[in-house]
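File shown: entry_14.pdb. Contents: PDB, C-alpha atoms.
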ATOM      1  CA  MET R   1     125.135  99.990 -28.555
ATOM      2  CA  LYS R   2     128.732 100.747 -27.608
ATOM      3  CA  PHE R   3     131.297  98.372 -29.133
ATOM      4  CA  THR R   4     134.754  97.324 -27.976
ATOM      5  CA  ILE R   5     136.340  94.961 -30.485
ATOM      6  CA  THR R   6     139.729  93.393 -29.776
ATOM      7  CA  SER R   7     141.796  90.589 -31.234
ATOM      8  CA  LYS R   8     144.439  88.097 -30.223
ATOM      9  CA  GLN R   9     146.970  86.825 -32.776
ATOM     10  CA  MET R  10     145.072  88.214 -35.767
ATOM     11  CA  GLU R  11     144.225  91.474 -37.496
ATOM     12  CA  ILE R  12     140.639  92.703 -37.696
ATOM     13  CA  ALA R  13     139.693  93.894 -41.188
ATOM     14  CA  ASP R  14     137.172  96.712 -41.628
ATOM     15  CA  ASP R  15     134.627  94.387 -43.242
ATOM     16  CA  LEU R  16     134.793  92.045 -40.216
ATOM     17  CA  ARG R  17     134.379  95.003 -37.850
ATOM     18  CA  LYS R  18     131.326  96.296 -39.781
ATOM     19  CA  TYR R  19     129.811  92.810 -40.032
ATOM     20  CA  THR R  20     130.269  92.243 -36.293
ATOM     21  CA  GLU R  21     128.713  95.596 -35.379
ATOM     22  CA  LYS R  22     125.737  94.860 -37.656
ATOM     23  CA  LYS R  23     125.125  91.315 -36.331
ATOM     24  CA  VAL R  24     125.700  92.073 -32.636
ATOM     25  CA  GLY R  25     123.814  95.364 -32.973
ATOM     26  CA  LYS R  26     120.660  93.431 -33.876
ATOM     27  CA  ILE R  27     120.671  91.901 -30.390
ATOM     28  CA  ASP R  28     120.279  95.402 -28.927
ATOM     29  CA  ARG R  29     116.593  95.356 -29.933
ATOM     30  CA  LEU R  30     115.996  92.817 -27.137
ATOM     31  CA  PHE R  31     116.967  95.405 -24.508
ATOM     32  CA  ARG R  32     115.187  98.545 -23.355
ATOM     33  CA  SER R  33     118.288 100.512 -22.374
ATOM     34  CA  GLU R  34     121.718 101.175 -23.893
ATOM     35  CA  SER R  35     124.028  98.147 -24.006
ATOM     36  CA  GLU R  36     127.757  97.588 -24.269
ATOM     37  CA  ALA R  37     129.273  94.871 -26.437
ATOM     38  CA  PHE R  38     132.760  93.457 -25.956
ATOM     39  CA  VAL R  39     133.863  91.234 -28.834
ATOM     40  CA  THR R  40     137.190  89.400 -28.844
ATOM     41  CA  PHE R  41     138.515  87.525 -31.858
ATOM     42  CA  SER R  42     141.307  85.002 -31.710
ATOM     43  CA  ARG R  43     142.860  82.459 -34.051
ATOM     44  CA  GLU R  44     144.475  79.189 -33.070
ATOM     45  CA  ARG R  45     145.523  76.393 -35.442
ATOM     46  CA  GLY R  46     143.422  77.806 -38.294
ATOM     47  CA  ARG R  47     140.237  78.036 -36.205
ATOM     48  CA  PHE R  48     138.622  81.348 -35.326
ATOM     49  CA  THR R  49     136.980  82.115 -32.001
ATOM     50  CA  ALA R  50     134.523  84.934 -31.460
ATOM     51  CA  GLU R  51     133.733  85.737 -27.825
ATOM     52  CA  VAL R  52     130.797  88.111 -27.377
ATOM     53  CA  THR R  53     130.023  89.665 -23.995
ATOM     54  CA  LEU R  54     127.049  91.991 -23.617
ATOM     55  CA  LYS R  55     126.443  94.203 -20.621
ATOM     56  CA  ASN R  56     122.969  95.599 -20.126
ATOM     57  CA  ASN R  57     121.381  96.994 -17.001
ATOM     58  CA  GLY R  58     124.005  95.363 -14.764
ATOM     59  CA  MET R  59     123.585  91.888 -16.275
ATOM     60  CA  PHE R  60     126.250  90.142 -18.353
ATOM     61  CA  TYR R  61     125.642  87.738 -21.229
ATOM     62  CA  ARG R  62     128.608  85.844 -22.658
ATOM     63  CA  VAL R  63     129.045  83.361 -25.484
ATOM     64  CA  SER R  64     132.124  82.012 -27.219
ATOM     65  CA  ASP R  65     132.108  80.059 -30.461
ATOM     66  CA  THR R  66     134.886  78.543 -32.589
ATOM     67  CA  THR R  67     134.642  77.652 -36.290
ATOM     68  CA  SER R  68     136.900  77.548 -39.334
ATOM     69  CA  ASP R  69     135.389  80.822 -40.646
ATOM     70  CA  VAL R  70     135.520  84.008 -38.579
ATOM     71  CA  PHE R  71     132.204  85.275 -39.986
ATOM     72  CA  ALA R  72     130.511  81.974 -39.127
ATOM     73  CA  SER R  73     131.881  82.311 -35.573
ATOM     74  CA  VAL R  74     130.189  85.720 -35.268
ATOM     75  CA  ASP R  75     126.903  84.330 -36.647
ATOM     76  CA  SER R  76     126.967  81.345 -34.314
ATOM     77  CA  ALA R  77     127.868  83.432 -31.248
ATOM     78  CA  CYS R  78     125.039  85.897 -31.970
ATOM     79  CA  ALA R  79     122.538  83.070 -32.428
ATOM     80  CA  SER R  80     123.698  81.450 -29.179
ATOM     81  CA  ILE R  81     123.422  84.654 -27.158
ATOM     82  CA  GLU R  82     119.916  85.309 -28.526
ATOM     83  CA  ARG R  83     118.882  81.760 -27.552
ATOM     84  CA  GLN R  84     120.384  82.304 -24.100
ATOM     85  CA  ILE R  85     118.414  85.529 -23.594
ATOM     86  CA  ARG R  86     115.161  84.046 -24.931
ATOM     87  CA  ARG R  87     115.580  80.870 -22.831
ATOM     88  CA  ASN R  88     115.891  82.947 -19.670
ATOM     89  CA  LYS R  89     113.397  85.642 -20.730
ATOM     90  CA  THR R  90     110.865  85.200 -17.917
ATOM     91  CA  ARG R  91     113.524  84.932 -15.244
ATOM     92  CA  LEU R  92     115.292  88.014 -16.594
ATOM     93  CA  GLU R  93     112.065  90.004 -16.725
ATOM     94  CA  LYS R  94     111.389  89.198 -13.067
ATOM     95  CA  LYS R  95     114.939  90.159 -12.124
ATOM     96  CA  LEU R  96     114.963  93.414 -14.085
ATOM     97  CA  LYS R  97     111.637  94.500 -12.536
ATOM     98  CA  SER R  98     113.117  94.165  -9.048
ATOM     99  CA  GLY R  99     116.062  96.406  -9.960
ATOM    100  CA  PRO R 100     119.379  95.911 -11.688
ATOM    101  CA  ILE R 101     122.507  94.552 -10.094
ATOM    102  CA  ASP R 102     125.143  97.271  -9.761
ATOM    103  CA  TRP R 103     128.491  95.984 -10.995
ATOM    104  CA  SER R 104     130.210  99.320 -10.494
ATOM    105  CA  SER R 105     133.769  98.127 -10.829
ATOM    106  CA  MET R 106     135.373  95.153 -12.429
ATOM    107  CA  SER R 107     139.092  94.999 -13.001
ATOM    108  CA  GLU R 108     141.692  92.390 -13.735
ATOM    109  CA  ILE R 109     145.165  92.379 -12.252
ATOM    110  CA  GLN R 110     147.986  90.211 -13.469
ATOM    111  CA  ASP R 111     150.311  89.042 -10.693
ATOM    112  CA  GLU R 112     153.956  88.072 -11.169
ATOM    113  CA  PRO R 113     155.043  84.791  -9.559
ATOM    114  CA  GLU R 114     157.219  85.437  -6.505
ATOM    115  CA  ASP R 115     158.786  82.131  -5.546
ATOM    116  CA  GLU R 116     158.655  78.770  -7.275
ATOM    117  CA  GLY R 117     157.963  77.049  -3.936
ATOM    118  CA  GLU R 118     154.852  79.123  -3.283
ATOM    119  CA  PHE R 119     151.420  78.896  -4.833
ATOM    120  CA  GLN R 120     151.056  81.017  -7.962
ATOM    121  CA  ILE R 121     148.070  83.296  -8.398
ATOM    122  CA  ILE R 122     147.785  83.584 -12.150
ATOM    123  CA  ARG R 123     144.820  85.943 -12.369
ATOM    124  CA  THR R 124     142.894  88.110  -9.920
ATOM    125  CA  LYS R 125     139.457  89.587 -10.529
ATOM    126  CA  ARG R 126     137.809  92.203  -8.360
ATOM    127  CA  PHE R 127     134.132  93.041  -8.412
ATOM    128  CA  SER R 128     131.524  94.373  -6.038
ATOM    129  CA  ILE R 129     129.302  91.706  -4.523
ATOM    130  CA  LYS R 130     125.639  92.620  -4.186
ATOM    131  CA  PRO R 131     122.857  90.836  -2.291
ATOM    132  CA  MET R 132     120.695  88.488  -4.377
ATOM    133  CA  THR R 133     118.790  85.238  -4.012
ATOM    134  CA  PRO R 134     120.382  81.904  -4.913
ATOM    135  CA  GLN R 135     118.008  81.657  -7.917
ATOM    136  CA  GLU R 136     119.237  85.030  -9.232
ATOM    137  CA  ALA R 137     122.850  83.936  -8.684
ATOM    138  CA  ILE R 138     122.248  80.706 -10.648
ATOM    139  CA  LEU R 139     120.706  82.740 -13.463
ATOM    140  CA  GLN R 140     123.707  85.089 -13.545
ATOM    141  CA  MET R 141     126.128  82.121 -13.433
ATOM    142  CA  ASN R 142     124.340  80.477 -16.386
ATOM    143  CA  LEU R 143     124.308  83.728 -18.365
ATOM    144  CA  LEU R 144     128.074  84.063 -17.859
ATOM    145  CA  GLU R 145     128.593  80.347 -18.581
ATOM    146  CA  HIS R 146     130.672  79.953 -15.418
ATOM    147  CA  GLU R 147     130.937  76.882 -13.224
ATOM    148  CA  PHE R 148     130.416  78.841  -9.991
ATOM    149  CA  TYR R 149     129.233  82.272  -8.834
ATOM    150  CA  ALA R 150     129.925  84.171  -5.579
ATOM    151  CA  PHE R 151     127.292  86.478  -4.074
ATOM    152  CA  LEU R 152     125.745  87.787  -0.849
ATOM    153  CA  ASN R 153     122.715  85.639  -0.041
ATOM    154  CA  SER R 154     119.746  87.943   0.625
ATOM    155  CA  GLU R 155     117.787  84.950   1.977
ATOM    156  CA  ASP R 156     120.440  84.101   4.602
ATOM    157  CA  ALA R 157     121.217  87.400   6.403
ATOM    158  CA  GLU R 158     123.470  88.374   3.482
ATOM    159  CA  ALA R 159     125.978  85.596   4.168
ATOM    160  CA  PHE R 160     128.751  85.143   1.620
ATOM    161  CA  SER R 161     127.632  82.278  -0.621
ATOM    162  CA  VAL R 162     128.679  80.412  -3.749
ATOM    163  CA  VAL R 163     126.436  78.529  -6.173
ATOM    164  CA  TYR R 164     128.002  75.948  -8.456
ATOM    165  CA  ARG R 165     127.040  73.500 -11.183
ATOM    166  CA  ARG R 166     127.318  69.882 -10.058
ATOM    167  CA  LYS R 167     128.866  67.342 -12.424
ATOM    168  CA  ASN R 168     125.935  64.929 -12.026
ATOM    169  CA  GLY R 169     123.394  67.689 -12.757
ATOM    170  CA  GLY R 170     121.702  70.287 -10.635
ATOM    171  CA  TYR R 171     123.281  73.031  -8.570
ATOM    172  CA  GLY R 172     124.983  73.336  -5.201
ATOM    173  CA  LEU R 173     125.003  76.157  -2.653
ATOM    174  CA  ILE R 174     127.845  76.867  -0.230
ATOM    175  CA  SER R 175     127.186  79.448   2.499
ATOM    176  CA  GLY R 176     129.565  80.751   5.089
ATOM    177  CA  ASP R 177     128.946  82.250   8.479
ATOM    178  CA  GLN R 178     131.006  84.823  10.347
ATOM    179  CA  ASN R 179     131.971  82.611  13.331
TER
END
Show this structure as structure tokens.
Amino acid sequence: MKFTITSKQMEIADDLRKYTEKKVGKIDRLFRSESEAFVTFSRERGRFTAEVTLKNNGMFYRVSDTTSDVFASVDSACASIERQIRRNKTRLEKKLKSGPIDWSSMSEIQDEPEDEGEFQIIRTKRFSIKPMTPQEAILQMNLLEHEFYAFLNSEDAEAFSVVYRRKNGGYGLISGDQN
């Protein structure tokens, strides 16, 4: 497993780095191919947050956990991500048999505000959008713990679509046409 460990407003000691690589590295046994792990530590008001993002075979798994002990945050995040993978095991197996999603490029661009009277775009993300079914998009949205997910709907002539989590439970689907 390839590791990228970063921090915000705190220093990462060698023992924390080794502990993180050991704990997150154990999750690699759940995958057949090489994985990448992105771990970000931050501290705010005496509480430590560990955000773990795993990338394997084009799929992303993300968990964030905050506790008063940085090592406990790592333990809790690893346990949560394992539960997430196990909970979606059958769906993931079906998806991975049909071929991985190719997320060839993902970049973030920070924009400067131009005028105070105009709308401000604080953050821009770019990524390639691949065809998938709404069920696969919901799975990917849940794995990323996002509230919505944009994709090309393979069941609707590859129309641009968005799935989202409804506040009263369930999911919604928004599809656009080219008229």
**Request:** Return as a ChimeraX atom specification the set of residues that the PyMOL selection byres ((chain R and resi 82) around 12) yields on the displayed structure.
**Result:** /R:23-31,52-54,61-63,75-81,83-89,143
**Residues in the PyMOL selection byres ((chain R and resi 152) around 9), expressed as a ChimeraX atom specification** = /R:129-134,150-151,153-162
Okay, now the selection with C-alpha atoms, as a compact mmCIF listing (two decimals), in the coordinates of the input?
# COMPACT_ATOMS: atom_id res chain seq x y z
CA ILE R 129 129.30 91.71 -4.52
CA LYS R 130 125.64 92.62 -4.19
CA PRO R 131 122.86 90.84 -2.29
CA MET R 132 120.70 88.49 -4.38
CA THR R 133 118.79 85.24 -4.01
CA PRO R 134 120.38 81.90 -4.91
CA ALA R 150 129.93 84.17 -5.58
CA PHE R 151 127.29 86.48 -4.07
CA ASN R 153 122.72 85.64 -0.04
CA SER R 154 119.75 87.94 0.62
CA GLU R 155 117.79 84.95 1.98
CA ASP R 156 120.44 84.10 4.60
CA ALA R 157 121.22 87.40 6.40
CA GLU R 158 123.47 88.37 3.48
CA ALA R 159 125.98 85.60 4.17
CA PHE R 160 128.75 85.14 1.62
CA SER R 161 127.63 82.28 -0.62
CA VAL R 162 128.68 80.41 -3.75
**Message:** Can you measure CA of Tyr171 in chain R to CA of Ile138 in chain R for me? One decimal in Å is fine.
**Reply:**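 Taking CA of Tyr171 in chain R as the start and CA of Ile138 in chain R as the end point, the length is 8.0 Å.
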**Request:** Considering all atoms listed in the file, return as a ChimeraX atom specification whatever protein or nucleic-acid residues lie within 10 Å of Phe60 in chain R, sequence-local ones (same chain, fewer than 5 positions apart) excluded.
**Result:** /R:36-37,53-55,103,140-141,143-144
Need the axis-aligned box for range 53-61 of chain R with 5 Å each side, so what are the centre and edges in Å to one decimal, as AutoDock Vina command-line options?
--center_x 125.7 --center_y 92.4 --center_z -19.4 --size_x 18.6 --size_y 19.3 --size_z 19.2
**Request:** Can you give me, as number ranges by chain, the residues this file yields under the PyMOL selection byres ((chain R and resi 66) around 8)?
**Result:** R: 47-50, 64-65, 67-68, 73
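Interatomic distance, CA of Val39 in chain R against CA of Thr4 in chain R: 6.2 Å.
CA of Val70 in chain R lies 26.7 Å from CA of Glu147 in chain R.
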Would you fill out range 37-70 of chain R with N, CA and C atoms and return it as a short mmCIF file (atom, residue, chain, number, x, y, z; two decimals), in the frame of the given file?
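Dumped everything to selection_24.cif:
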data_model
loop_
_atom_site.label_atom_id
_atom_site.label_comp_id
_atom_site.auth_asym_id
_atom_site.auth_seq_id
_atom_site.Cartn_x
_atom_site.Cartn_y
_atom_site.Cartn_z
N ALA R 37 128.85 96.15 -25.86
CA ALA R 37 129.27 94.87 -26.44
C ALA R 37 130.79 94.81 -26.45
N PHE R 38 131.33 93.71 -25.95
CA PHE R 38 132.76 93.46 -25.96
C PHE R 38 132.97 92.20 -26.80
N VAL R 39 133.65 92.35 -27.93
CA VAL R 39 133.86 91.23 -28.83
C VAL R 39 135.37 91.00 -28.95
N THR R 40 135.78 89.76 -28.73
CA THR R 40 137.19 89.40 -28.84
C THR R 40 137.34 88.29 -29.88
N PHE R 41 138.22 88.52 -30.83
CA PHE R 41 138.51 87.52 -31.86
C PHE R 41 139.88 86.94 -31.58
N SER R 42 140.00 85.63 -31.82
CA SER R 42 141.31 85.00 -31.71
C SER R 42 141.40 83.89 -32.75
N ARG R 43 142.63 83.52 -33.08
CA ARG R 43 142.86 82.46 -34.05
C ARG R 43 143.88 81.50 -33.47
N GLU R 44 143.56 80.21 -33.55
CA GLU R 44 144.48 79.19 -33.07
C GLU R 44 144.36 77.97 -33.98
N ARG R 45 145.46 77.56 -34.55
CA ARG R 45 145.52 76.39 -35.44
C ARG R 45 144.49 76.47 -36.57
N GLY R 46 144.33 77.66 -37.17
CA GLY R 46 143.42 77.81 -38.29
C GLY R 46 141.96 77.88 -37.94
N ARG R 47 141.63 77.93 -36.65
CA ARG R 47 140.24 78.04 -36.20
C ARG R 47 140.05 79.40 -35.55
N PHE R 48 138.92 80.00 -35.82
CA PHE R 48 138.62 81.35 -35.33
C PHE R 48 137.61 81.28 -34.19
N THR R 49 137.88 82.03 -33.14
CA THR R 49 136.98 82.12 -32.00
C THR R 49 136.46 83.54 -31.89
N ALA R 50 135.16 83.65 -31.73
CA ALA R 50 134.52 84.93 -31.46
C ALA R 50 133.88 84.84 -30.08
N GLU R 51 134.32 85.69 -29.16
CA GLU R 51 133.73 85.74 -27.82
C GLU R 51 132.96 87.04 -27.71
N VAL R 52 131.67 86.94 -27.47
CA VAL R 52 130.80 88.11 -27.38
C VAL R 52 130.30 88.22 -25.95
N THR R 53 130.53 89.38 -25.33
CA THR R 53 130.02 89.66 -24.00
C THR R 53 129.18 90.92 -24.08
N LEU R 54 127.94 90.83 -23.64
CA LEU R 54 127.05 91.99 -23.62
C LEU R 54 126.80 92.39 -22.18
N LYS R 55 126.78 93.68 -21.94
CA LYS R 55 126.44 94.20 -20.62
C LYS R 55 125.24 95.11 -20.80
N ASN R 56 124.17 94.79 -20.06
CA ASN R 56 122.97 95.60 -20.13
C ASN R 56 122.31 95.62 -18.77
N ASN R 57 122.11 96.81 -18.26
CA ASN R 57 121.38 96.99 -17.00
C ASN R 57 121.99 96.18 -15.86
N GLY R 58 123.32 96.07 -15.84
CA GLY R 58 124.00 95.36 -14.76
C GLY R 58 124.12 93.86 -14.96
N MET R 59 123.52 93.32 -16.01
CA MET R 59 123.58 91.89 -16.27
C MET R 59 124.58 91.64 -17.40
N PHE R 60 125.28 90.52 -17.34
CA PHE R 60 126.25 90.14 -18.35
C PHE R 60 125.76 88.90 -19.09
N TYR R 61 125.98 88.88 -20.38
CA TYR R 61 125.64 87.74 -21.23
C TYR R 61 126.90 87.43 -22.03
N ARG R 62 127.35 86.18 -21.99
CA ARG R 62 128.61 85.84 -22.66
C ARG R 62 128.48 84.54 -23.42
N VAL R 63 129.02 84.55 -24.65
CA VAL R 63 129.04 83.36 -25.48
C VAL R 63 130.36 83.35 -26.25
N SER R 64 130.91 82.17 -26.43
CA SER R 64 132.12 82.01 -27.22
C SER R 64 131.89 80.88 -28.21
N ASP R 65 132.30 81.10 -29.46
CA ASP R 65 132.11 80.06 -30.46
C ASP R 65 133.33 79.98 -31.37
N THR R 66 133.71 78.77 -31.76
CA THR R 66 134.89 78.54 -32.59
C THR R 66 134.49 77.78 -33.85
N THR R 67 134.88 78.31 -35.01
CA THR R 67 134.64 77.65 -36.29
C THR R 67 135.85 77.90 -37.19
N SER R 68 135.80 77.35 -38.39
CA SER R 68 136.90 77.55 -39.33
C SER R 68 136.78 78.87 -40.10
N ASP R 69 135.62 79.54 -39.98
CA ASP R 69 135.39 80.82 -40.65
C ASP R 69 135.03 81.87 -39.60
N VAL R 70 135.73 82.99 -39.60
CA VAL R 70 135.52 84.01 -38.58
C VAL R 70 134.11 84.60 -38.65
#
